[in-house]
Amino acid sequence: RGGPVDIRADMYTVGLLLYEMLAGRQARPQGELYEVLRAANGGDIDFSALPYESPALRRLLSPDPEQRFATPADAREALAEPNLQGAGA
């Protein structure tokens with residue numbers, strides 16, 4: 001997007017890794033760089049592929065950097081909270 005990059009870009013990457021571990025597949029399509037970047041800006045991740053709903057993971061994967069966690073400590077604290085629900089709930 002051309003804006004300044006800070007730790008929230010890393011928070012997004014952590015979210016992608018967690019998504020892949022939980023869903024068993026990548027959150028974003030593979031392919032040409034243009035397609036991958038276009039999908040990353042769309043915010044169209046299929047959260048129903050996860051075994052449970054995680055508000056913290058949704059926040060990590062927000063397309064808006066301002067909505068992501070500002071620090072790894074904040075993300076760790078939110079991910080440790082027992083607020084998990086079945087994806088169908």
# chains A, B, ... in the order shown; residues from 1 in each chain; ligands from 1
>>> residues_around(residues="A:Glu20", least_positions_apart="5", cutoff="12 Å", atoms="only C-alpha atoms", output="list in words")
Thr13, Val14, Gly15, Arg25, Gln26, Ala27, Arg28, Pro29, Ile45, Asp46, Phe47, Ala49, Leu50, Pro51, Leu57 and Leu61 of chain A
>>> closest_residue(among="A:Val5, A:Ala78, A:Leu18, A:Met11", to="A:Pro55", atoms="only C-alpha atoms")
A:Ala78
>>> closest_residue(among="A:Arg76, A:Arg59, A:Gln67, A:Tyr52", to="A:Leu16", atoms="only C-alpha atoms")
A:Arg59
